[in-house]
Amino acid sequence: MKKVITYGTYDLLHQGHINLLRRAKELGEYLIVGVTNDSFDRDRGKLNVRNNVLERVEAVKATGYADQIIIEDYVGQKIDDIQKYDVDIFAIGSDWEGKFDYLKEFCEVVYLPRTEGISSTMLRNDTQLTVKIGILGCGRVAYRFPIEADVVSGINVVAAYDIEVDHAQSFSTQFENVIAYTEIDKFYDAVDAIYIATPHLAHYENIKDALLHKKHVLCETPMVLNGGQAKELYKIAEQMGVILMEANKTAHCPAFNHLIVLIKSGLIGDIVDIEASLSQLLDKSGREFDVKQAGGALFEQGSYPLLPIFRLMGIHYEDLMLFSRMENGVDIYTRGVFRYNNASCSFKVGLGVKTEGNLVISGTKGYAYVPAPWWKTDYFELRYEDQNENKKFFYKWDGFGLRYEIQEFVSCILNHRFSSARLRRRESIQMAYVMEQFVNQQNIYII
């Protein structure tokens with residue numbers, strides 16, 4: 001049986017893709033189609049993929065030409081796949097003429113004619129609306145956003161607003177084509193979506209106001225400090241037909257998402273314990289130490305270590321104990337211990353206490369180790385009793401990491417998805433309930 005293999009992104013599957021798959025199928029009796037995964041596309045700088053990998057796999061399957069579909073995860077995989085599946089012919093579009101001649105050592109290479117006048121890029125340019133986004137709150141965090149948004153297609157930063165007028169004006173002079181507004185209603189009229197980077201305590205009112213103006217919202221983490229408010233805001237977003245997303249950059253980090261997939265697939269067995277730590281030694285004159293601005297380690301950092309716990313263990317824990325060191329009304333260090341039905345999990349955050357910032361996930365077959373800074377990792381390991389079975393995984397982490405959450409935000413808007421699988425609404429809400437427990441001083445011990 002003659003086997004043929006071909007690869008592609010297959011974003012916005014069109015007639016050109018279908019023609020290529022048909023031509024590849026006609027070369028043999030069995031066609032294997034490699035679909036590039038989301039992380040691999042990002043690693044190559046392609047932050048313009050409209051459909052996620054599961055949607056693209058389903059689209060290829062629906063053509064009826066693929067006998068087998070595989071996922072392309074890494075550079076060099078083509079050689080491995082050709083040998084693994086005993087492939088006779090590698091087929092690819094003629095726009096790649098000569099680029100894959102190195103594969104002739106392993107099989108026949110055929111460059112197939114492309115369908116003239118159509119491509120994913122053309123379709124994307126013709127059909128993709130450009131999301132006009134405004135920056136609400138022009139402090140130091142906000143300055144990263146236009147830089148990161150610049151590498152994501154389908155989005156333009158066009159407006160800025162801050163209750164301190166000079167902050168918005170300073171921001172607009174820093175970035176071309178960003179207009180500073182002094183009236184919030186005119187600011188809303190100029191945009192389709194809002195990125196909120198205001199202080200924590202302003203988030204609830206800012207989000208609610210933007211949603212009621214039918215604007216999509218990406219809000220810096222922690223979104224709110226009250227579980228009931230988080231529920232209310234997500235409900236309003238759905239009623240208004242807009243997207244609300246919490247801007248937790250780790251949730252969209254390529255390495256972190258692959259780690260979650262591997263752990264959920266059972267590679268380290270049943271999870272028994274998760275330990276996540278994050279700490280910084282900051283200038284104590286900053287807002288992070290101001291009780292009136294909801295300063296403190298848990299509010300500032302807590303959503304990051306809560307993420308792997310809730311993603312892997314769920315939100316239905318038995319109880320949570322908090323242990324905090326306080327100074328001038330804010331926690332400079334907090335340790336949390338979750339008790340689940342069949343596991344325990346803990347986290348540590350610190351602004352005035354330094355600790356090892358790693359992530360360790362312990363299982364019945366092995367454990368995952370992610371070194372500091374795990375929340376923006378480009379590397380992790382799966383470790384076992386037999387060290388020969390240990391596996392190391394390497395990824396890219398570009399820029400400040402906001403580009404990954406921005407791309408997902410735009411994708412949700414364009415595809416009308418009200419929730420991202422990388423940080424579900426229920427997980428975001430539960431994070432707010434943890435913050436609320438701290439606010440209400442429930443089950444907390446001062447150390």
# chains A, B, ... in the order shown; residues from 1 in each chain; ligands from 1
$ residues_around --residues "stretch 68-82 of chain A" --least-positions-apart "6" --cutoff "9 Å" --atoms "only C-alpha atoms" --output "VMD selection string"
chain A and resid 5 7 to 8 30 to 41 53 57 60 to 61 88 to 90 103 106 to 107
$ select_by_dssp --residues "stretch 80-227 of chain A" --states "alpha helix (DSSP H)" --output "number ranges by chain"
A: 80-84, 120-127, 144-149, 165-174, 184-189, 203-212, 227
$ select_by_dssp --residues "stretch 182-369 of chain A" --states "strand (DSSP E or B)" --output "number ranges by chain"
A: 193-196, 216-220, 244-247, 271-279, 319-327, 330-339, 344-350, 359-363, 366-369
$ residues_around --residues "A:His258" --least-positions-apart "6" --cutoff "12 Å" --atoms "only C-alpha atoms" --output "compact mmCIF listing (two decimals) with all heavy atoms, in the first residue's frame"
# COMPACT_ATOMS: atom_id res chain seq x y z
N ASN A 37 -0.27 22.17 15.33
CA ASN A 37 -1.01 22.54 16.53
C ASN A 37 -0.83 24.02 16.83
O ASN A 37 -0.01 24.71 16.22
CB ASN A 37 -0.64 21.66 17.73
CG ASN A 37 0.69 22.01 18.35
OD1 ASN A 37 1.32 23.01 18.02
ND2 ASN A 37 1.14 21.18 19.27
N ASP A 38 -1.62 24.52 17.77
CA ASP A 38 -1.63 25.96 18.06
C ASP A 38 -0.27 26.44 18.54
O ASP A 38 0.20 27.51 18.15
CB ASP A 38 -2.70 26.28 19.11
CG ASP A 38 -4.10 25.95 18.63
OD1 ASP A 38 -4.32 26.00 17.41
OD2 ASP A 38 -4.96 25.64 19.46
N SER A 39 0.38 25.66 19.42
CA SER A 39 1.68 26.07 19.96
C SER A 39 2.74 26.13 18.87
O SER A 39 3.56 27.04 18.83
CB SER A 39 2.12 25.09 21.07
OG SER A 39 1.23 25.14 22.14
N PHE A 40 2.71 25.15 17.94
CA PHE A 40 3.69 25.12 16.86
C PHE A 40 3.51 26.33 15.96
O PHE A 40 4.48 26.96 15.52
CB PHE A 40 3.53 23.82 16.07
CG PHE A 40 4.60 23.61 15.02
CD1 PHE A 40 5.93 23.67 15.36
CD2 PHE A 40 4.25 23.32 13.72
CE1 PHE A 40 6.91 23.45 14.41
CE2 PHE A 40 5.23 23.11 12.75
CZ PHE A 40 6.56 23.18 13.09
N ASP A 73 3.74 18.88 16.08
CA ASP A 73 4.07 19.56 17.33
C ASP A 73 5.42 20.28 17.30
O ASP A 73 5.61 21.23 18.06
CB ASP A 73 4.12 18.56 18.49
CG ASP A 73 2.74 18.14 18.95
OD1 ASP A 73 1.91 19.03 19.19
OD2 ASP A 73 2.49 16.93 19.07
N THR A 250 -0.38 33.44 31.94
CA THR A 250 0.07 32.05 32.07
C THR A 250 -0.93 31.08 31.46
O THR A 250 -0.55 30.06 30.90
CB THR A 250 0.31 31.71 33.55
OG1 THR A 250 1.25 32.64 34.09
CG2 THR A 250 0.86 30.30 33.71
N ALA A 251 -2.21 31.41 31.57
CA ALA A 251 -3.26 30.53 31.04
C ALA A 251 -3.11 30.31 29.55
O ALA A 251 -3.59 29.30 29.01
CB ALA A 251 -4.64 31.12 31.35
N HIS A 252 -2.45 31.23 28.85
CA HIS A 252 -2.33 31.15 27.39
C HIS A 252 -0.90 30.86 26.95
O HIS A 252 -0.62 30.84 25.76
CB HIS A 252 -2.85 32.45 26.77
CG HIS A 252 -4.22 32.79 27.25
ND1 HIS A 252 -5.35 32.19 26.76
CD2 HIS A 252 -4.65 33.64 28.22
CE1 HIS A 252 -6.41 32.66 27.39
NE2 HIS A 252 -6.01 33.53 28.28
N LYS A 264 -3.07 15.77 32.05
CA LYS A 264 -4.43 15.23 31.97
C LYS A 264 -4.49 13.93 31.18
O LYS A 264 -5.41 13.14 31.35
CB LYS A 264 -5.37 16.27 31.35
CG LYS A 264 -5.71 17.42 32.29
CD LYS A 264 -6.84 18.28 31.74
CE LYS A 264 -7.29 19.30 32.76
NZ LYS A 264 -8.45 20.09 32.29
N SER A 265 -3.49 13.69 30.34
CA SER A 265 -3.47 12.43 29.58
C SER A 265 -2.94 11.27 30.40
O SER A 265 -2.88 10.14 29.92
CB SER A 265 -2.63 12.61 28.32
OG SER A 265 -1.26 12.78 28.64
N ALA A 368 5.81 16.29 37.51
CA ALA A 368 6.19 17.36 36.59
C ALA A 368 6.93 18.43 37.38
O ALA A 368 6.51 18.82 38.47
CB ALA A 368 4.96 17.96 35.93
N THR A 377 6.94 30.06 31.64
CA THR A 377 7.95 29.05 31.33
C THR A 377 8.14 28.83 29.84
O THR A 377 7.22 28.98 29.04
CB THR A 377 7.59 27.71 32.00
OG1 THR A 377 8.67 26.79 31.81
CG2 THR A 377 6.33 27.11 31.39
N ASP A 378 9.36 28.45 29.49
CA ASP A 378 9.64 27.95 28.16
C ASP A 378 10.23 26.53 28.23
O ASP A 378 10.73 26.00 27.25
CB ASP A 378 10.60 28.88 27.41
CG ASP A 378 11.91 29.10 28.17
OD1 ASP A 378 12.11 28.47 29.23
OD2 ASP A 378 12.73 29.91 27.71
N TYR A 379 10.12 25.94 29.44
CA TYR A 379 10.76 24.63 29.65
C TYR A 379 10.14 23.92 30.85
O TYR A 379 9.83 24.55 31.87
CB TYR A 379 12.26 24.84 29.89
CG TYR A 379 12.97 23.68 30.52
CD1 TYR A 379 13.28 22.55 29.79
CD2 TYR A 379 13.33 23.72 31.87
CE1 TYR A 379 13.94 21.48 30.38
CE2 TYR A 379 14.00 22.66 32.46
CZ TYR A 379 14.30 21.54 31.71
OH TYR A 379 14.94 20.49 32.29
N PHE A 380 9.93 22.63 30.73
CA PHE A 380 9.53 21.83 31.89
C PHE A 380 9.98 20.39 31.68
O PHE A 380 10.37 19.99 30.58
CB PHE A 380 8.01 21.92 32.15
CG PHE A 380 7.15 21.33 31.06
CD1 PHE A 380 6.85 19.98 31.02
CD2 PHE A 380 6.57 22.17 30.10
CE1 PHE A 380 6.04 19.45 30.03
CE2 PHE A 380 5.75 21.66 29.12
CZ PHE A 380 5.48 20.29 29.08
N GLU A 381 9.92 19.60 32.76
CA GLU A 381 10.34 18.20 32.71
C GLU A 381 9.26 17.30 33.31
O GLU A 381 8.56 17.70 34.24
CB GLU A 381 11.62 17.99 33.52
CG GLU A 381 12.84 18.69 32.99
CD GLU A 381 14.08 18.40 33.82
OE1 GLU A 381 14.16 17.27 34.38
OE2 GLU A 381 14.96 19.27 33.92
N LEU A 382 9.16 16.11 32.77
CA LEU A 382 8.43 15.03 33.42
C LEU A 382 9.47 14.06 33.95
O LEU A 382 10.33 13.59 33.19
CB LEU A 382 7.49 14.32 32.43
CG LEU A 382 6.39 15.19 31.80
CD1 LEU A 382 5.47 14.31 30.95
CD2 LEU A 382 5.58 15.93 32.85
N PHE A 393 10.89 19.23 27.82
CA PHE A 393 10.10 19.91 26.80
C PHE A 393 10.52 21.38 26.75
O PHE A 393 10.61 22.05 27.77
CB PHE A 393 8.61 19.81 27.11
CG PHE A 393 8.09 18.39 27.16
CD1 PHE A 393 8.21 17.64 28.33
CD2 PHE A 393 7.50 17.81 26.05
CE1 PHE A 393 7.75 16.33 28.38
CE2 PHE A 393 7.03 16.51 26.09
CZ PHE A 393 7.16 15.77 27.26
N PHE A 394 10.78 21.87 25.53
CA PHE A 394 11.23 23.24 25.33
C PHE A 394 10.26 24.00 24.41
O PHE A 394 9.79 23.45 23.42
CB PHE A 394 12.63 23.26 24.70
CG PHE A 394 13.68 22.62 25.56
CD1 PHE A 394 13.93 21.25 25.47
CD2 PHE A 394 14.43 23.37 26.46
CE1 PHE A 394 14.90 20.65 26.26
CE2 PHE A 394 15.39 22.78 27.25
CZ PHE A 394 15.63 21.42 27.16
N TYR A 395 10.01 25.26 24.74
CA TYR A 395 9.09 26.09 23.97
C TYR A 395 9.64 27.51 23.88
O TYR A 395 10.62 27.85 24.53
CB TYR A 395 7.71 26.14 24.64
CG TYR A 395 7.03 24.80 24.70
CD1 TYR A 395 7.33 23.90 25.72
CD2 TYR A 395 6.11 24.42 23.74
CE1 TYR A 395 6.73 22.67 25.78
CE2 TYR A 395 5.50 23.18 23.79
CZ TYR A 395 5.81 22.31 24.81
OH TYR A 395 5.23 21.08 24.86
N ARG A 422 -8.80 27.73 28.03
CA ARG A 422 -7.54 27.90 28.76
C ARG A 422 -7.75 28.50 30.14
O ARG A 422 -6.94 28.30 31.03
CB ARG A 422 -6.59 28.77 27.94
CG ARG A 422 -6.21 28.13 26.61
CD ARG A 422 -5.46 29.09 25.76
NE ARG A 422 -5.28 28.55 24.41
CZ ARG A 422 -5.03 29.28 23.35
NH1 ARG A 422 -4.93 30.59 23.48
NH2 ARG A 422 -4.88 28.73 22.16
$ atom_distance --atom1 "atom CA of A:Val330" --atom2 "atom CA of A:Thr355"
18.1 Å
$ closest_atom_pairs --of "stretch 209-274 of chain A" --to "stretch 142-149 of chain A" --cutoff "12 Å" --atoms "only C-alpha atoms" --output "CSV"
residue,atom,partner,partner_atom,distance
A:Leu218,CA,A:Phe145,CA,11.2
A:Cys219,CA,A:Ala142,CA,11.0
A:Glu220,CA,A:Ala142,CA,9.5
A:Ala247,CA,A:Phe145,CA,11.1
A:Lys249,CA,A:Glu148,CA,11.7
$ closest_residue --among "A:Ser428, A:Ser419, A:Gln387, A:Ser346" --to "A:Arg311" --atoms "only C-alpha atoms"
A:Ser428
$ residues_around --residues "A:Val337" --least-positions-apart "4" --cutoff "8 Å" --atoms "only C-alpha atoms" --output "ChimeraX atom specification"
/A:320-322,344-347
$ residues_around --residues "A:Val157" --least-positions-apart "6" --cutoff "8 Å" --atoms "only C-alpha atoms" --output "ChimeraX atom specification"
/A:132-135,146,149,177-178
$ write_last_selection --atoms "all heavy atoms" --output "tab-separated table (two decimals), in the first residue's frame"
chain	number	residue	atom	x	y	z
A	132	LYS	N	-11.07	46.97	17.00
A	132	LYS	CA	-10.51	48.23	17.51
A	132	LYS	C	-10.59	48.20	19.04
A	132	LYS	O	-11.67	48.07	19.60
A	132	LYS	CB	-11.27	49.43	16.95
A	132	LYS	CG	-11.13	49.60	15.45
A	132	LYS	CD	-11.89	50.81	14.93
A	132	LYS	CE	-13.40	50.63	15.09
A	132	LYS	NZ	-14.16	51.78	14.55
A	133	ILE	N	-9.44	48.32	19.67
A	133	ILE	CA	-9.41	48.18	21.12
A	133	ILE	C	-8.91	49.46	21.78
A	133	ILE	O	-8.05	50.17	21.25
A	133	ILE	CB	-8.53	46.98	21.54
A	133	ILE	CG1	-8.79	46.61	23.01
A	133	ILE	CG2	-7.07	47.23	21.28
A	133	ILE	CD1	-8.31	45.23	23.37
A	134	GLY	N	-9.49	49.76	22.94
A	134	GLY	CA	-9.08	50.92	23.71
A	134	GLY	C	-8.48	50.50	25.03
A	134	GLY	O	-8.87	49.48	25.61
A	135	ILE	N	-7.53	51.28	25.52
A	135	ILE	CA	-6.86	51.01	26.78
A	135	ILE	C	-7.51	51.85	27.87
A	135	ILE	O	-7.53	53.08	27.79
A	135	ILE	CB	-5.36	51.35	26.71
A	135	ILE	CG1	-4.71	50.67	25.50
A	135	ILE	CG2	-4.66	50.96	28.00
A	135	ILE	CD1	-4.74	49.17	25.52
A	146	PRO	N	0.16	47.61	23.67
A	146	PRO	CA	0.30	47.90	22.23
A	146	PRO	C	1.47	47.19	21.58
A	146	PRO	O	1.40	46.78	20.42
A	146	PRO	CB	0.47	49.42	22.19
A	146	PRO	CG	-0.12	49.91	23.47
A	146	PRO	CD	0.20	48.85	24.48
A	149	ALA	N	0.25	43.63	21.13
A	149	ALA	CA	-0.85	43.57	20.17
A	149	ALA	C	-0.34	43.75	18.74
A	149	ALA	O	-0.98	43.28	17.78
A	149	ALA	CB	-1.89	44.64	20.49
A	177	ASN	N	-1.10	56.40	16.36
A	177	ASN	CA	-2.51	56.11	16.03
A	177	ASN	C	-3.39	55.86	17.26
A	177	ASN	O	-4.54	55.44	17.11
A	177	ASN	CB	-2.64	54.92	15.06
A	177	ASN	CG	-1.90	55.17	13.76
A	177	ASN	OD1	-1.92	56.29	13.25
A	177	ASN	ND2	-1.25	54.14	13.25
A	178	VAL	N	-2.86	56.06	18.46
A	178	VAL	CA	-3.68	55.93	19.67
A	178	VAL	C	-4.14	57.33	20.09
A	178	VAL	O	-3.31	58.21	20.35
A	178	VAL	CB	-2.89	55.27	20.82
A	178	VAL	CG1	-3.73	55.26	22.10
A	178	VAL	CG2	-2.49	53.86	20.44
$ residues_around --residues "A:Gly352" --least-positions-apart "2" --cutoff "9 Å" --atoms "only C-alpha atoms" --output "ChimeraX atom specification"
/A:279-284,297,331-333,350,354
$ write_last_selection --atoms "N, CA, C and O atoms" --output "mmCIF file, in the first residue's frame"
data_model
loop_
_atom_site.group_PDB
_atom_site.id
_atom_site.type_symbol
_atom_site.label_atom_id
_atom_site.label_comp_id
_atom_site.auth_asym_id
_atom_site.auth_seq_id
_atom_site.Cartn_x
_atom_site.Cartn_y
_atom_site.Cartn_z
ATOM 1 N N SER A 279 7.113 34.679 43.923
ATOM 2 C CA SER A 279 7.462 35.747 44.866
ATOM 3 C C SER A 279 8.330 36.801 44.198
ATOM 4 O O SER A 279 9.035 36.536 43.223
ATOM 5 N N GLN A 280 8.240 38.018 44.736
ATOM 6 C CA GLN A 280 9.070 39.132 44.299
ATOM 7 C C GLN A 280 9.412 39.979 45.523
ATOM 8 O O GLN A 280 8.605 40.076 46.452
ATOM 9 N N LEU A 281 10.570 40.600 45.514
ATOM 10 C CA LEU A 281 10.910 41.581 46.546
ATOM 11 C C LEU A 281 10.795 42.952 45.907
ATOM 12 O O LEU A 281 11.647 43.363 45.119
ATOM 13 N N LEU A 282 9.703 43.661 46.226
ATOM 14 C CA LEU A 282 9.401 44.933 45.590
ATOM 15 C C LEU A 282 9.634 46.107 46.532
ATOM 16 O O LEU A 282 9.678 45.954 47.749
ATOM 17 N N ASP A 283 9.736 47.287 45.939
ATOM 18 C CA ASP A 283 9.840 48.532 46.698
ATOM 19 C C ASP A 283 8.547 48.732 47.486
ATOM 20 O O ASP A 283 7.456 48.800 46.906
ATOM 21 N N LYS A 284 8.654 48.837 48.797
ATOM 22 C CA LYS A 284 7.465 48.898 49.637
ATOM 23 C C LYS A 284 6.740 50.237 49.593
ATOM 24 O O LYS A 284 5.720 50.417 50.260
ATOM 25 N N ALA A 297 0.233 40.361 48.569
ATOM 26 C CA ALA A 297 0.714 39.262 47.738
ATOM 27 C C ALA A 297 -0.407 38.466 47.090
ATOM 28 O O ALA A 297 -0.333 38.113 45.906
ATOM 29 N N ASP A 331 -0.788 41.686 53.105
ATOM 30 C CA ASP A 331 0.012 40.472 53.271
ATOM 31 C C ASP A 331 1.259 40.562 52.405
ATOM 32 O O ASP A 331 1.181 40.769 51.194
ATOM 33 N N ILE A 332 2.404 40.429 53.052
ATOM 34 C CA ILE A 332 3.652 40.380 52.289
ATOM 35 C C ILE A 332 3.979 38.935 51.913
ATOM 36 O O ILE A 332 4.870 38.677 51.106
ATOM 37 N N TYR A 333 3.211 38.012 52.493
ATOM 38 C CA TYR A 333 3.395 36.578 52.195
ATOM 39 C C TYR A 333 2.103 35.852 52.563
ATOM 40 O O TYR A 333 1.491 36.123 53.603
ATOM 41 N N GLY A 350 4.519 35.876 47.545
ATOM 42 C CA GLY A 350 5.212 36.813 48.416
ATOM 43 C C GLY A 350 5.635 38.079 47.702
ATOM 44 O O GLY A 350 6.120 38.025 46.569
ATOM 45 N N LYS A 354 10.914 36.105 50.005
ATOM 46 C CA LYS A 354 11.410 35.422 48.809
ATOM 47 C C LYS A 354 11.371 33.923 49.003
ATOM 48 O O LYS A 354 11.771 33.399 50.047
#
$ residues_around --residues "A:Val261" --least-positions-apart "4" --cutoff "12 Å" --atoms "only C-alpha atoms" --output "mmCIF file with N, CA, C and O atoms, in the first residue's frame"
data_model
loop_
_atom_site.group_PDB
_atom_site.id
_atom_site.type_symbol
_atom_site.label_atom_id
_atom_site.label_comp_id
_atom_site.auth_asym_id
_atom_site.auth_seq_id
_atom_site.Cartn_x
_atom_site.Cartn_y
_atom_site.Cartn_z
ATOM 1 N N PRO A 254 2.124 28.852 25.759
ATOM 2 C CA PRO A 254 2.187 27.585 25.021
ATOM 3 C C PRO A 254 2.708 26.422 25.860
ATOM 4 O O PRO A 254 2.138 25.332 25.834
ATOM 5 N N ALA A 255 3.784 26.635 26.606
ATOM 6 C CA ALA A 255 4.358 25.552 27.403
ATOM 7 C C ALA A 255 3.390 25.100 28.486
ATOM 8 O O ALA A 255 3.211 23.903 28.726
ATOM 9 N N PHE A 256 2.763 26.057 29.160
ATOM 10 C CA PHE A 256 1.832 25.706 30.240
ATOM 11 C C PHE A 256 0.659 24.891 29.701
ATOM 12 O O PHE A 256 0.248 23.897 30.316
ATOM 13 N N ASN A 257 0.136 25.270 28.559
ATOM 14 C CA ASN A 257 -0.999 24.534 28.000
ATOM 15 C C ASN A 257 -0.617 23.121 27.589
ATOM 16 O O ASN A 257 -1.401 22.183 27.772
ATOM 17 N N SER A 265 -3.494 13.686 30.341
ATOM 18 C CA SER A 265 -3.469 12.433 29.582
ATOM 19 C C SER A 265 -2.936 11.267 30.401
ATOM 20 O O SER A 265 -2.875 10.141 29.920
ATOM 21 N N GLY A 266 -2.518 11.533 31.661
ATOM 22 C CA GLY A 266 -2.136 10.457 32.565
ATOM 23 C C GLY A 266 -0.663 10.096 32.582
ATOM 24 O O GLY A 266 -0.299 9.050 33.129
ATOM 25 N N LEU A 267 0.200 10.946 32.030
ATOM 26 C CA LEU A 267 1.619 10.583 31.920
ATOM 27 C C LEU A 267 2.321 10.497 33.268
ATOM 28 O O LEU A 267 3.371 9.852 33.367
ATOM 29 N N ILE A 268 1.786 11.150 34.303
ATOM 30 C CA ILE A 268 2.401 10.992 35.634
ATOM 31 C C ILE A 268 1.421 10.305 36.587
ATOM 32 O O ILE A 268 1.611 10.324 37.805
ATOM 33 N N PRO A 308 -2.939 26.484 37.869
ATOM 34 C CA PRO A 308 -2.702 25.053 37.678
ATOM 35 C C PRO A 308 -3.514 24.181 38.631
ATOM 36 O O PRO A 308 -3.909 23.060 38.265
ATOM 37 N N ARG A 311 -7.101 24.186 37.140
ATOM 38 C CA ARG A 311 -7.129 23.524 35.834
ATOM 39 C C ARG A 311 -7.011 22.006 35.961
ATOM 40 O O ARG A 311 -7.623 21.258 35.216
ATOM 41 N N LEU A 312 -6.200 21.562 36.916
ATOM 42 C CA LEU A 312 -5.943 20.125 37.039
ATOM 43 C C LEU A 312 -6.840 19.436 38.064
ATOM 44 O O LEU A 312 -7.220 18.278 37.876
ATOM 45 N N ALA A 421 -11.175 27.829 26.741
ATOM 46 C CA ALA A 421 -10.861 26.581 27.432
ATOM 47 C C ALA A 421 -9.595 26.711 28.275
ATOM 48 O O ALA A 421 -9.353 25.905 29.168
ATOM 49 N N ARG A 422 -8.801 27.730 28.026
ATOM 50 C CA ARG A 422 -7.543 27.895 28.756
ATOM 51 C C ARG A 422 -7.753 28.498 30.143
ATOM 52 O O ARG A 422 -6.942 28.297 31.032
#
$ closest_residue --among "A:Asn19, A:Val151, A:Ile163, A:Ala180" --to "A:Gly399" --atoms "only C-alpha atoms"
A:Val151
$ closest_residue --among "A:Gly329, A:Phe418, A:Ser303, A:Leu259" --to "A:Lys392" --atoms "only C-alpha atoms"
A:Leu259
$ closest_residue --among "A:Thr130, A:Asn51, A:Thr63, A:Gln293" --to "A:Asp192" --atoms "only C-alpha atoms"
A:Thr130
$ atom_distance --atom1 "atom CA of A:Leu233" --atom2 "atom CA of A:Val349"
26.8 Å
